[in-house]
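Note: the block below is work34.txt and it holds compact mmCIF, C-alpha atoms.
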```txt
# COMPACT_ATOMS: atom_id res chain seq x y z
CA MET X 39 -22.66 13.99 -7.69
CA THR X 40 -20.71 16.78 -5.98
CA ASP X 41 -19.88 14.34 -3.18
CA LEU X 42 -18.50 11.80 -5.68
CA VAL X 43 -16.38 14.40 -7.50
CA LEU X 44 -15.07 15.68 -4.16
CA ARG X 45 -14.16 12.13 -3.08
CA PHE X 46 -12.46 11.49 -6.44
CA VAL X 47 -10.33 14.65 -6.27
CA ILE X 48 -9.40 14.34 -2.57
CA GLY X 49 -8.70 10.60 -2.98
CA GLY X 50 -6.57 11.17 -6.08
CA VAL X 51 -4.51 13.88 -4.39
CA ILE X 52 -3.90 11.97 -1.11
CA VAL X 53 -3.06 8.67 -2.86
CA SER X 54 -0.65 10.52 -5.21
CA VAL X 55 1.06 12.30 -2.32
CA PHE X 56 1.66 9.07 -0.36
CA ALA X 57 2.89 7.34 -3.54
CA LEU X 58 5.26 10.25 -4.21
CA VAL X 59 6.66 10.11 -0.67
CA GLY X 60 7.14 6.34 -1.05
CA ASP X 61 9.16 6.93 -4.24
CA LEU X 62 11.67 8.99 -2.27
CA PHE X 63 12.76 6.16 0.01
CA LEU X 64 15.25 3.34 -0.46
CA PRO X 65 15.52 0.40 -0.05
CA LYS X 66 12.43 -0.75 -1.93
CA SER X 67 11.20 -2.94 0.92
CA PHE X 68 10.92 0.24 3.02
CA ALA X 69 9.31 2.18 0.14
CA GLY X 70 6.79 -0.67 -0.03
CA LEU X 71 5.38 0.38 3.35
CA PHE X 72 3.74 3.28 1.53
CA GLY X 73 1.78 0.82 -0.63
CA ALA X 74 -0.27 0.29 2.52
CA ALA X 75 -0.57 3.97 3.45
CA PRO X 76 -3.97 5.00 4.80
CA SER X 77 -4.56 7.20 1.76
CA VAL X 78 -8.06 6.06 0.74
CA ALA X 79 -9.03 6.01 4.43
CA LEU X 80 -7.86 9.58 5.04
CA ALA X 81 -9.69 10.82 1.96
CA THR X 82 -12.88 9.04 2.97
CA LEU X 83 -12.97 9.42 6.76
CA GLY X 84 -12.92 13.22 6.80
CA LEU X 85 -15.95 13.40 4.51
CA THR X 86 -17.71 10.54 6.32
CA LEU X 87 -17.23 12.19 9.71
CA LEU X 88 -18.71 15.43 8.40
CA LYS X 89 -21.66 13.76 6.68
CA ASP X 90 -22.51 10.63 8.66
CA GLY X 91 -21.08 11.18 12.14
CA ARG X 92 -18.65 9.44 14.44
CA SER X 93 -20.49 6.13 15.09
CA TYR X 94 -20.85 5.46 11.35
CA THR X 95 -17.12 6.21 10.90
CA ALA X 96 -16.19 3.87 13.76
CA MET X 97 -18.21 1.09 12.12
CA GLU X 98 -16.41 1.64 8.80
CA CYS X 99 -13.06 1.44 10.56
CA ARG X 100 -13.97 -1.83 12.27
CA SER X 101 -14.39 -3.30 8.77
CA MET X 102 -11.20 -1.61 7.65
CA ILE X 103 -9.27 -3.84 10.10
CA VAL X 104 -10.48 -6.88 8.12
CA GLY X 105 -9.58 -5.11 4.86
CA ALA X 106 -6.06 -4.45 6.18
CA VAL X 107 -5.58 -8.13 7.08
CA ALA X 108 -6.74 -9.02 3.55
CA LEU X 109 -4.23 -6.50 2.15
CA MET X 110 -1.41 -8.08 4.18
CA ILE X 111 -2.17 -11.59 2.90
CA TYR X 112 -2.67 -10.34 -0.67
CA ALA X 113 0.69 -8.51 -0.62
CA LEU X 114 2.46 -11.58 0.78
CA VAL X 115 0.96 -13.82 -1.92
CA ALA X 116 1.93 -11.30 -4.62
CA SER X 117 5.44 -11.04 -3.15
CA TRP X 118 5.81 -14.81 -3.13
CA LEU X 119 4.61 -15.06 -6.75
CA LEU X 120 6.93 -12.28 -7.95
CA PHE X 121 9.93 -13.70 -6.17
CA ARG X 122 9.42 -17.37 -6.91
CA SER X 123 7.78 -17.43 -10.33
CA HIS X 124 9.13 -14.20 -11.84
CA VAL X 125 5.70 -13.40 -13.22
CA PRO X 126 5.65 -9.77 -14.46
CA ALA X 127 4.54 -7.37 -11.72
CA LEU X 128 1.29 -6.20 -13.33
CA ARG X 129 0.13 -9.75 -14.00
CA ALA X 130 1.18 -11.00 -10.56
CA THR X 131 -0.60 -8.19 -8.72
CA LEU X 132 -3.77 -8.54 -10.81
CA VAL X 133 -4.12 -12.35 -10.74
CA THR X 134 -3.69 -12.36 -6.96
CA MET X 135 -6.22 -9.53 -6.48
CA PRO X 136 -9.11 -12.02 -5.94
CA ALA X 137 -7.27 -13.05 -2.74
CA TRP X 138 -8.03 -9.62 -1.29
CA PHE X 139 -11.74 -9.89 -2.14
CA LEU X 140 -11.93 -13.48 -0.87
CA ILE X 141 -10.31 -12.74 2.50
CA ALA X 142 -12.05 -9.40 3.00
CA PHE X 143 -15.54 -10.75 2.30
CA ALA X 144 -14.91 -14.01 4.19
CA GLY X 145 -13.83 -11.90 7.18
CA TRP X 146 -16.91 -9.70 6.79
CA ALA X 147 -19.23 -12.75 6.59
CA LEU X 148 -17.63 -14.48 9.58
CA LEU X 149 -16.96 -11.54 11.88
CA LEU X 150 -18.95 -8.47 10.90
CA ARG X 151 -22.25 -9.44 9.34
CA MET C 1459 20.28 -1.97 5.73
CA ARG C 1460 19.96 1.78 6.14
CA ILE C 1461 16.99 3.85 5.07
CA ARG C 1462 18.02 6.30 2.37
CA PHE C 1463 16.34 9.24 0.72
CA SER C 1464 16.70 9.73 -3.04
CA THR C 1465 14.94 11.99 -5.52
CA ALA C 1466 16.14 9.91 -8.52
CA ALA C 1467 12.83 8.05 -8.81
CA LEU C 1468 11.01 11.38 -9.22
CA HIS C 1469 13.03 12.15 -12.35
CA GLU C 1470 12.36 8.66 -13.76
CA THR C 1471 8.61 8.81 -13.16
CA ARG C 1472 6.66 10.09 -16.16
CA TRP C 1473 3.58 12.25 -15.83
CA GLN C 1474 1.45 9.32 -17.07
CA HIS C 1475 2.45 7.37 -13.95
CA TYR C 1476 1.28 10.22 -11.71
CA ALA C 1477 -1.94 10.42 -13.72
CA VAL C 1478 -2.57 6.67 -13.27
CA ARG C 1479 -2.08 6.95 -9.50
CA PHE C 1480 -4.37 9.99 -9.30
CA VAL C 1481 -7.14 8.32 -11.33
CA PHE C 1482 -6.90 4.97 -9.49
CA GLY C 1483 -6.75 6.64 -6.07
CA GLY C 1484 -9.65 8.93 -6.88
CA ALA C 1485 -11.72 6.13 -8.41
CA ILE C 1486 -11.24 3.77 -5.44
CA THR C 1487 -12.11 6.55 -2.98
CA ALA C 1488 -15.28 7.39 -4.93
CA ILE C 1489 -16.22 3.70 -5.29
CA ALA C 1490 -15.67 3.11 -1.55
CA GLY C 1491 -18.13 5.95 -0.89
CA VAL C 1492 -20.73 4.50 -3.27
CA ILE C 1493 -20.37 0.98 -1.77
CA ALA C 1494 -20.76 2.34 1.78
CA LYS C 1495 -23.89 4.21 0.69
CA GLU C 1496 -25.42 1.18 -1.07
CA PHE C 1497 -24.38 -1.64 1.25
CA GLY C 1498 -23.68 0.11 4.54
CA PRO C 1499 -20.51 1.00 6.47
CA ALA C 1500 -19.61 -2.62 7.35
CA VAL C 1501 -19.04 -3.47 3.66
CA GLY C 1502 -17.85 0.00 2.62
CA GLY C 1503 -15.20 -0.02 5.35
CA LEU C 1504 -13.46 -3.02 3.78
CA PHE C 1505 -12.56 -0.84 0.80
CA LEU C 1506 -10.72 1.70 2.97
CA ALA C 1507 -7.88 -0.87 2.90
CA PHE C 1508 -8.24 -1.76 -0.78
CA PRO C 1509 -4.88 -2.06 -2.59
CA ALA C 1510 -5.58 1.06 -4.63
CA ILE C 1511 -2.15 1.74 -6.04
CA PHE C 1512 -0.27 -1.42 -5.16
CA PRO C 1513 -0.34 -2.93 -8.70
CA ALA C 1514 0.75 0.41 -10.20
CA ALA C 1515 3.56 0.82 -7.64
CA ALA C 1516 4.89 -2.70 -8.19
CA THR C 1517 4.77 -2.30 -11.97
CA LEU C 1518 6.55 1.04 -11.71
CA ALA C 1519 9.34 -0.40 -9.54
CA GLU C 1520 9.81 -3.21 -12.05
CA SER C 1521 9.86 -0.95 -15.12
CA HIS C 1522 12.27 1.55 -13.47
CA GLU C 1523 14.78 -1.23 -12.88
CA ARG C 1524 14.41 -2.56 -16.43
CA GLU C 1525 14.84 0.90 -17.95
CA LYS C 1526 17.93 1.59 -15.84
CA LYS C 1527 19.56 -1.64 -16.96
CA GLN C 1528 18.71 -1.06 -20.61
CA GLN C 1529 20.21 2.42 -20.41
CA HIS C 1530 23.45 0.84 -19.21
CA GLY C 1531 23.41 -1.78 -21.95
CA MET C 1532 22.59 -4.66 -19.60
CA PRO C 1533 19.92 -7.32 -20.25
CA PRO C 1534 16.74 -6.59 -18.26
CA GLY C 1535 16.58 -10.04 -16.63
CA VAL C 1536 14.23 -10.56 -13.71
CA ARG C 1537 15.80 -8.21 -11.21
CA GLY C 1538 12.98 -5.68 -11.67
CA THR C 1539 10.41 -8.38 -10.88
CA LEU C 1540 12.32 -9.39 -7.76
CA ILE C 1541 12.46 -5.75 -6.62
CA ALA C 1542 8.68 -5.54 -7.07
CA GLY C 1543 8.44 -8.68 -4.89
CA ILE C 1544 10.57 -7.09 -2.17
CA GLN C 1545 8.41 -3.96 -2.36
CA ALA C 1546 5.29 -6.12 -1.96
CA TYR C 1547 6.76 -7.58 1.23
CA GLY C 1548 7.12 -4.00 2.51
CA THR C 1549 3.47 -3.39 1.68
CA ALA C 1550 2.53 -6.46 3.77
CA LEU C 1551 4.40 -4.95 6.74
CA GLY C 1552 2.75 -1.58 6.13
CA SER C 1553 -0.68 -3.20 6.19
CA ILE C 1554 -0.13 -4.23 9.83
CA GLY C 1555 0.35 -0.52 10.55
CA LEU C 1556 -2.81 0.14 8.54
CA ALA C 1557 -4.72 -2.27 10.80
CA VAL C 1558 -3.47 -0.30 13.83
CA PHE C 1559 -4.67 2.92 12.14
CA ALA C 1560 -8.13 1.31 11.77
CA VAL C 1561 -8.20 0.03 15.37
CA LEU C 1562 -7.44 3.55 16.65
CA PHE C 1563 -10.26 5.09 14.59
CA TRP C 1564 -12.67 2.29 15.55
CA THR C 1565 -12.02 2.65 19.27
CA LEU C 1566 -11.46 6.41 19.55
CA ALA C 1567 -13.63 8.02 16.84
CA THR C 1568 -16.54 8.49 19.23
CA ARG C 1569 -14.54 9.83 22.16
CA MET C 1570 -11.47 11.73 21.00
CA THR C 1571 -10.93 15.16 19.45
CA LEU C 1572 -10.61 14.62 15.70
CA TRP C 1573 -7.76 17.11 15.38
CA LEU C 1574 -5.77 14.77 17.62
CA LEU C 1575 -7.08 11.48 16.28
CA PHE C 1576 -6.06 12.05 12.63
CA PRO C 1577 -2.37 12.79 13.35
CA LEU C 1578 -2.24 10.11 16.06
CA ALA C 1579 -3.56 7.46 13.66
CA VAL C 1580 -1.22 8.48 10.80
CA VAL C 1581 1.85 8.60 13.08
CA SER C 1582 0.86 5.21 14.56
CA TRP C 1583 0.51 3.67 11.07
CA PHE C 1584 3.96 4.86 10.06
CA SER C 1585 5.63 4.05 13.42
CA VAL C 1586 4.27 0.49 13.56
CA ALA C 1587 5.16 -0.12 9.89
CA ALA C 1588 8.68 1.32 10.27
CA VAL C 1589 9.40 -0.57 13.51
CA LEU C 1590 8.24 -3.85 11.93
CA TRP C 1591 10.47 -3.12 8.94
CA LEU C 1592 13.44 -2.49 11.24
CA LEU C 1593 12.73 -5.71 13.17
CA ARG C 1594 11.89 -7.85 10.12
CA ARG C 1595 15.01 -9.96 10.52
CA ARG C 1596 14.62 -10.37 14.28
CA ILE C 1597 10.95 -11.39 14.59
CA PRO C 1598 10.77 -15.07 13.55
CA LEU C 1599 7.39 -14.83 11.76
CA LEU C 1600 8.41 -11.76 9.75
CA ARG C 1601 11.76 -13.37 8.95
CA ASP C 1602 10.01 -16.52 7.67
CA LEU C 1603 7.68 -14.49 5.46
CA ARG C 1604 10.50 -12.52 3.78
CA PRO C 1605 10.93 -13.35 0.09
CA ARG C 1606 14.11 -15.38 -0.26
CA GLY C 1607 15.60 -18.46 -1.82
CA GLN C 1608 16.20 -16.73 -5.14
CA LYS C 1609 19.38 -15.00 -6.10
CA MET C 1610 19.11 -11.95 -8.29
CA ALA C 1611 19.39 -13.65 -11.68
CA THR C 1612 21.08 -10.75 -13.41
CA PRO C 1613 23.80 -8.49 -12.04
CA ARG C 1614 22.85 -5.23 -10.37
CA LEU C 1615 23.94 -1.88 -11.66
CA PRO C 1616 27.30 -0.52 -10.44
CA ARG C 1617 27.07 0.99 -6.95
CA GLY C 1618 25.65 4.51 -6.96
CA VAL C 1619 24.30 4.28 -10.50
CA GLY C 1620 20.63 4.92 -11.03
CA GLU C 1621 19.64 4.95 -7.37
```

Final structure tokens representation of the file:
Amino acid sequence: MTDLVLRFVIGGVIVSVFALVGDLFLPKSFAGLFGAAPSVALATLGLTLLKDGRSYTAMECRSMIVGAVALMIYALVASWLLFRSHVPALRATLVTMPAWFLIAFAGWALLLR
Amino acid sequence: MRIRFSTAALHETRWQHYAVRFVFGGAITAIAGVIAKEFGPAVGGLFLAFPAIFPAAATLAESHEREKKQQHGMPPGVRGTLIAGIQAYGTALGSIGLAVFAVLFWTLATRMTLWLLFPLAVVSWFSVAAVLWLLRRRIPLLRDLRPRGQKMATPRLPRGVGE
């Protein structure tokens, strides 16, 4: 339980800091880079390294590459939907979210399992 | 287009927005830990690149633009939505940097001093993302993927207002 609380607090702080830094930049396409900041990774990897060691961490990061590719495609699909269909941002980013799961788990099944 | 630095967005962001980011970020980090524990690092690692705050960031960009226009007596239109779309394109570029971050940790975690690896990976993420952003109009693939073909349907605010 302590581990979970620690992850929650560290994750919340790091994600908030990167989001805050992103808010400071213009134009918005540049600020968008911070939407793909390694915030969850930084919060997780430090604890994982301490608890599970370097090999375990390396294995997690190999999967993270697939997750990052899924994030890229998801963001492009969301961008296309927002720009072409003018669907409100919350709806566009939520209805396209299954794309991330689909690509990430397809990549895991094909390359990592 | 030049990169600019503005604190205006900080004044427009309400504490609820910060709270949402904190809770989402914390929850995803905790869930990623639970998934790694239950299903192993190969599945858990996928969630290190989960779009934790992307929906919140896009929604925030859209609502900021709408609020600014309403304050100036202009109809909200779809400009806020288009700005969220442009921001999402930036996130796609940033995710290529995120993949580089992951490659560095994957290949060097077992053989490099961690005090060097963490800053190296973060600097590499930002450098790759920023260079791709700077070259987005020169690299054919990135140019083709840029959102375009739509003109901003409503006029923008006067120059210098609300930036």

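Closest approach to Ile1489 (chain C) among C:Val1589, C:Ala1510, C:Leu1562, C:Ala1477 is made by C:Ala1510 (distances from only C-alpha atoms).
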
So, with only C-alpha atoms as the atoms that count, which of C:Pro1534, C:Gly1543, C:Pro1598, C:Gly1498 lies closest to chain X? C:Gly1543

Work out how far CA of Gly1503 (chain C) is from CA of Leu120 (chain X), in Å to one decimal. 28.6 Å

Tell me which protein, DNA and RNA residues are within 10 Å of region 123-125 of chain X, counting only C-alpha atoms, leaving out same-chain ones fewer than 2 positions away, and put them as an mmCIF file with C-alpha atoms, in the coordinates of the input.
```
data_model
loop_
_atom_site.group_PDB
_atom_site.id
_atom_site.type_symbol
_atom_site.label_atom_id
_atom_site.label_comp_id
_atom_site.auth_asym_id
_atom_site.auth_seq_id
_atom_site.Cartn_x
_atom_site.Cartn_y
_atom_site.Cartn_z
ATOM 1 C CA ALA X 116 1.930 -11.300 -4.620
ATOM 2 C CA SER X 117 5.440 -11.040 -3.150
ATOM 3 C CA TRP X 118 5.810 -14.810 -3.130
ATOM 4 C CA LEU X 119 4.610 -15.060 -6.750
ATOM 5 C CA LEU X 120 6.930 -12.280 -7.950
ATOM 6 C CA PHE X 121 9.930 -13.700 -6.170
ATOM 7 C CA ALA X 127 4.540 -7.370 -11.720
ATOM 8 C CA LEU X 128 1.290 -6.200 -13.330
ATOM 9 C CA ARG X 129 0.130 -9.750 -14.000
ATOM 10 C CA ALA X 130 1.180 -11.000 -10.560
ATOM 11 C CA THR X 131 -0.600 -8.190 -8.720
ATOM 12 C CA GLY C 1535 16.580 -10.040 -16.630
ATOM 13 C CA VAL C 1536 14.230 -10.560 -13.710
ATOM 14 C CA ARG C 1537 15.800 -8.210 -11.210
ATOM 15 C CA GLY C 1538 12.980 -5.680 -11.670
ATOM 16 C CA THR C 1539 10.410 -8.380 -10.880
ATOM 17 C CA LEU C 1540 12.320 -9.390 -7.760
ATOM 18 C CA ALA C 1542 8.680 -5.540 -7.070
ATOM 19 C CA GLY C 1543 8.440 -8.680 -4.890
ATOM 20 C CA GLN C 1608 16.200 -16.730 -5.140
#
```

Set out as a tab-separated table a contact list for chain X and chain C with a cut-off of 6 Å, giving each residue of chain X that qualifies its closest atom pair and distance in Å to one decimal, counting all atoms listed in the file, ordered by chain and rising residue number.
```
residue	atom	partner	partner_atom	distance
X:Leu42	CA	C:Ala1488	CA	5.5
X:Arg45	CA	C:Ala1488	CA	5.2
X:Phe46	CA	C:Gly1484	CA	3.8
X:Val47	CA	C:Gly1484	CA	5.8
X:Gly49	CA	C:Gly1484	CA	4.3
X:Gly50	CA	C:Gly1484	CA	3.9
X:Val53	CA	C:Gly1483	CA	5.3
X:Ser54	CA	C:Phe1480	CA	5.6
X:Asp61	CA	C:Ala1467	CA	6.0
X:Leu62	CA	C:Ser1464	CA	5.1
X:Phe63	CA	C:Phe1463	CA	4.8
X:Leu64	CA	C:Arg1462	CA	4.9
X:Lys66	CA	C:Gln1545	CA	5.2
X:Ser67	CA	C:Gln1545	CA	4.4
X:Phe68	CA	C:Gly1548	CA	5.7
X:Gly70	CA	C:Gly1548	CA	4.2
X:Leu71	CA	C:Gly1552	CA	4.3
X:Gly73	CA	C:Thr1549	CA	5.1
X:Ala74	CA	C:Gly1552	CA	5.1
X:Val78	CA	C:Thr1487	CA	5.5
X:Ala79	CA	C:Leu1506	CA	4.9
X:Arg92	CA	C:Thr1568	CA	5.3
X:Ala96	CA	C:Trp1564	CA	4.3
X:Glu98	CA	C:Gly1503	CA	4.0
X:Cys99	CA	C:Trp1564	CA	5.1
X:Arg100	CA	C:Trp1564	CA	5.4
X:Ser101	CA	C:Gly1503	CA	4.8
X:Met102	CA	C:Leu1504	CA	4.7
X:Ile103	CA	C:Ala1557	CA	4.9
X:Gly105	CA	C:Leu1504	CA	4.5
X:Ala106	CA	C:Ala1507	CA	5.2
X:Met110	CA	C:Ala1550	CA	4.3
X:Ala113	CA	C:Ala1550	CA	5.2
X:Leu114	CA	C:Tyr1547	CA	5.9
X:Ser117	CA	C:Gly1543	CA	4.2
X:Leu120	CA	C:Gly1543	CA	5.0
X:Phe121	CA	C:Leu1540	CA	5.2
X:Ala127	CA	C:Thr1517	CA	5.1
X:Leu128	CA	C:Thr1517	CA	5.4
X:Thr131	CA	C:Pro1513	CA	5.3
```

Provide the CA of Arg151 (chain X) to CA of Ser1582 (chain C) distance in Å, to one decimal place. 27.9 Å

CA of Lys89 (chain X) and CA of Phe1497 (chain C) are how many Å apart? 16.6 Å

Please fill the gaps in region 47-58 of chain X so it has all heavy atoms, and write that as an mmCIF file, keeping the file's coordinate frame.
```cif
data_model
loop_
_atom_site.group_PDB
_atom_site.id
_atom_site.type_symbol
_atom_site.label_atom_id
_atom_site.label_comp_id
_atom_site.auth_asym_id
_atom_site.auth_seq_id
_atom_site.Cartn_x
_atom_site.Cartn_y
_atom_site.Cartn_z
ATOM 1 N N VAL X 47 -11.450 13.697 -6.251
ATOM 2 C CA VAL X 47 -10.330 14.650 -6.270
ATOM 3 C C VAL X 47 -9.482 14.490 -4.994
ATOM 4 O O VAL X 47 -8.248 14.369 -5.066
ATOM 5 C CB VAL X 47 -10.843 16.102 -6.412
ATOM 6 C CG1 VAL X 47 -9.708 17.099 -6.244
ATOM 7 C CG2 VAL X 47 -11.520 16.287 -7.766
ATOM 8 N N ILE X 48 -10.147 14.461 -3.840
ATOM 9 C CA ILE X 48 -9.400 14.340 -2.570
ATOM 10 C C ILE X 48 -8.646 13.000 -2.534
ATOM 11 O O ILE X 48 -7.466 12.947 -2.171
ATOM 12 C CB ILE X 48 -10.343 14.474 -1.357
ATOM 13 C CG1 ILE X 48 -10.934 15.884 -1.304
ATOM 14 C CG2 ILE X 48 -9.608 14.178 -0.053
ATOM 15 C CD1 ILE X 48 -12.004 16.086 -0.248
ATOM 16 N N GLY X 49 -9.335 11.921 -2.948
ATOM 17 C CA GLY X 49 -8.700 10.600 -2.980
ATOM 18 C C GLY X 49 -7.501 10.577 -3.907
ATOM 19 O O GLY X 49 -6.433 10.069 -3.548
ATOM 20 N N GLY X 50 -7.668 11.129 -5.099
ATOM 21 C CA GLY X 50 -6.570 11.170 -6.080
ATOM 22 C C GLY X 50 -5.368 11.914 -5.545
ATOM 23 O O GLY X 50 -4.224 11.453 -5.682
ATOM 24 N N VAL X 51 -5.614 13.053 -4.894
ATOM 25 C CA VAL X 51 -4.510 13.880 -4.390
ATOM 26 C C VAL X 51 -3.780 13.149 -3.250
ATOM 27 O O VAL X 51 -2.543 13.036 -3.258
ATOM 28 C CB VAL X 51 -5.038 15.260 -3.898
ATOM 29 C CG1 VAL X 51 -3.970 16.003 -3.107
ATOM 30 C CG2 VAL X 51 -5.502 16.101 -5.083
ATOM 31 N N ILE X 52 -4.540 12.608 -2.281
ATOM 32 C CA ILE X 52 -3.900 11.970 -1.110
ATOM 33 C C ILE X 52 -3.139 10.703 -1.524
ATOM 34 O O ILE X 52 -2.010 10.480 -1.093
ATOM 35 C CB ILE X 52 -4.929 11.683 0.005
ATOM 36 C CG1 ILE X 52 -5.494 13.006 0.528
ATOM 37 C CG2 ILE X 52 -4.298 10.901 1.148
ATOM 38 C CD1 ILE X 52 -6.519 12.879 1.630
ATOM 39 N N VAL X 53 -3.739 9.892 -2.387
ATOM 40 C CA VAL X 53 -3.060 8.670 -2.860
ATOM 41 C C VAL X 53 -1.779 9.058 -3.604
ATOM 42 O O VAL X 53 -0.719 8.447 -3.401
ATOM 43 C CB VAL X 53 -4.012 7.849 -3.775
ATOM 44 C CG1 VAL X 53 -3.247 6.805 -4.574
ATOM 45 C CG2 VAL X 53 -5.094 7.168 -2.938
ATOM 46 N N SER X 54 -1.843 10.092 -4.454
ATOM 47 C CA SER X 54 -0.650 10.520 -5.210
ATOM 48 C C SER X 54 0.444 11.020 -4.279
ATOM 49 O O SER X 54 1.627 10.739 -4.498
ATOM 50 C CB SER X 54 -1.029 11.640 -6.191
ATOM 51 O OG SER X 54 -2.008 11.192 -7.081
ATOM 52 N N VAL X 55 0.063 11.757 -3.240
ATOM 53 C CA VAL X 55 1.060 12.300 -2.320
ATOM 54 C C VAL X 55 1.780 11.171 -1.578
ATOM 55 O O VAL X 55 3.020 11.153 -1.496
ATOM 56 C CB VAL X 55 0.412 13.289 -1.308
ATOM 57 C CG1 VAL X 55 1.358 13.616 -0.155
ATOM 58 C CG2 VAL X 55 -0.006 14.571 -2.021
ATOM 59 N N PHE X 56 1.025 10.197 -1.061
ATOM 60 C CA PHE X 56 1.660 9.070 -0.360
ATOM 61 C C PHE X 56 2.554 8.273 -1.318
ATOM 62 O O PHE X 56 3.635 7.824 -0.935
ATOM 63 C CB PHE X 56 0.609 8.157 0.273
ATOM 64 C CG PHE X 56 0.221 8.585 1.667
ATOM 65 C CD1 PHE X 56 -1.000 9.169 1.917
ATOM 66 C CD2 PHE X 56 1.092 8.388 2.732
ATOM 67 C CE1 PHE X 56 -1.367 9.560 3.198
ATOM 68 C CE2 PHE X 56 0.743 8.781 4.021
ATOM 69 C CZ PHE X 56 -0.489 9.365 4.257
ATOM 70 N N ALA X 57 2.097 8.087 -2.565
ATOM 71 C CA ALA X 57 2.890 7.340 -3.540
ATOM 72 C C ALA X 57 4.200 8.083 -3.836
ATOM 73 O O ALA X 57 5.269 7.483 -3.941
ATOM 74 C CB ALA X 57 2.092 7.132 -4.823
ATOM 75 N N LEU X 58 4.094 9.404 -3.946
ATOM 76 C CA LEU X 58 5.260 10.250 -4.210
ATOM 77 C C LEU X 58 6.267 10.167 -3.067
ATOM 78 O O LEU X 58 7.480 10.027 -3.290
ATOM 79 C CB LEU X 58 4.784 11.699 -4.392
ATOM 80 C CG LEU X 58 5.725 12.679 -5.050
ATOM 81 C CD1 LEU X 58 5.817 12.373 -6.529
ATOM 82 C CD2 LEU X 58 5.223 14.108 -4.849
#
```
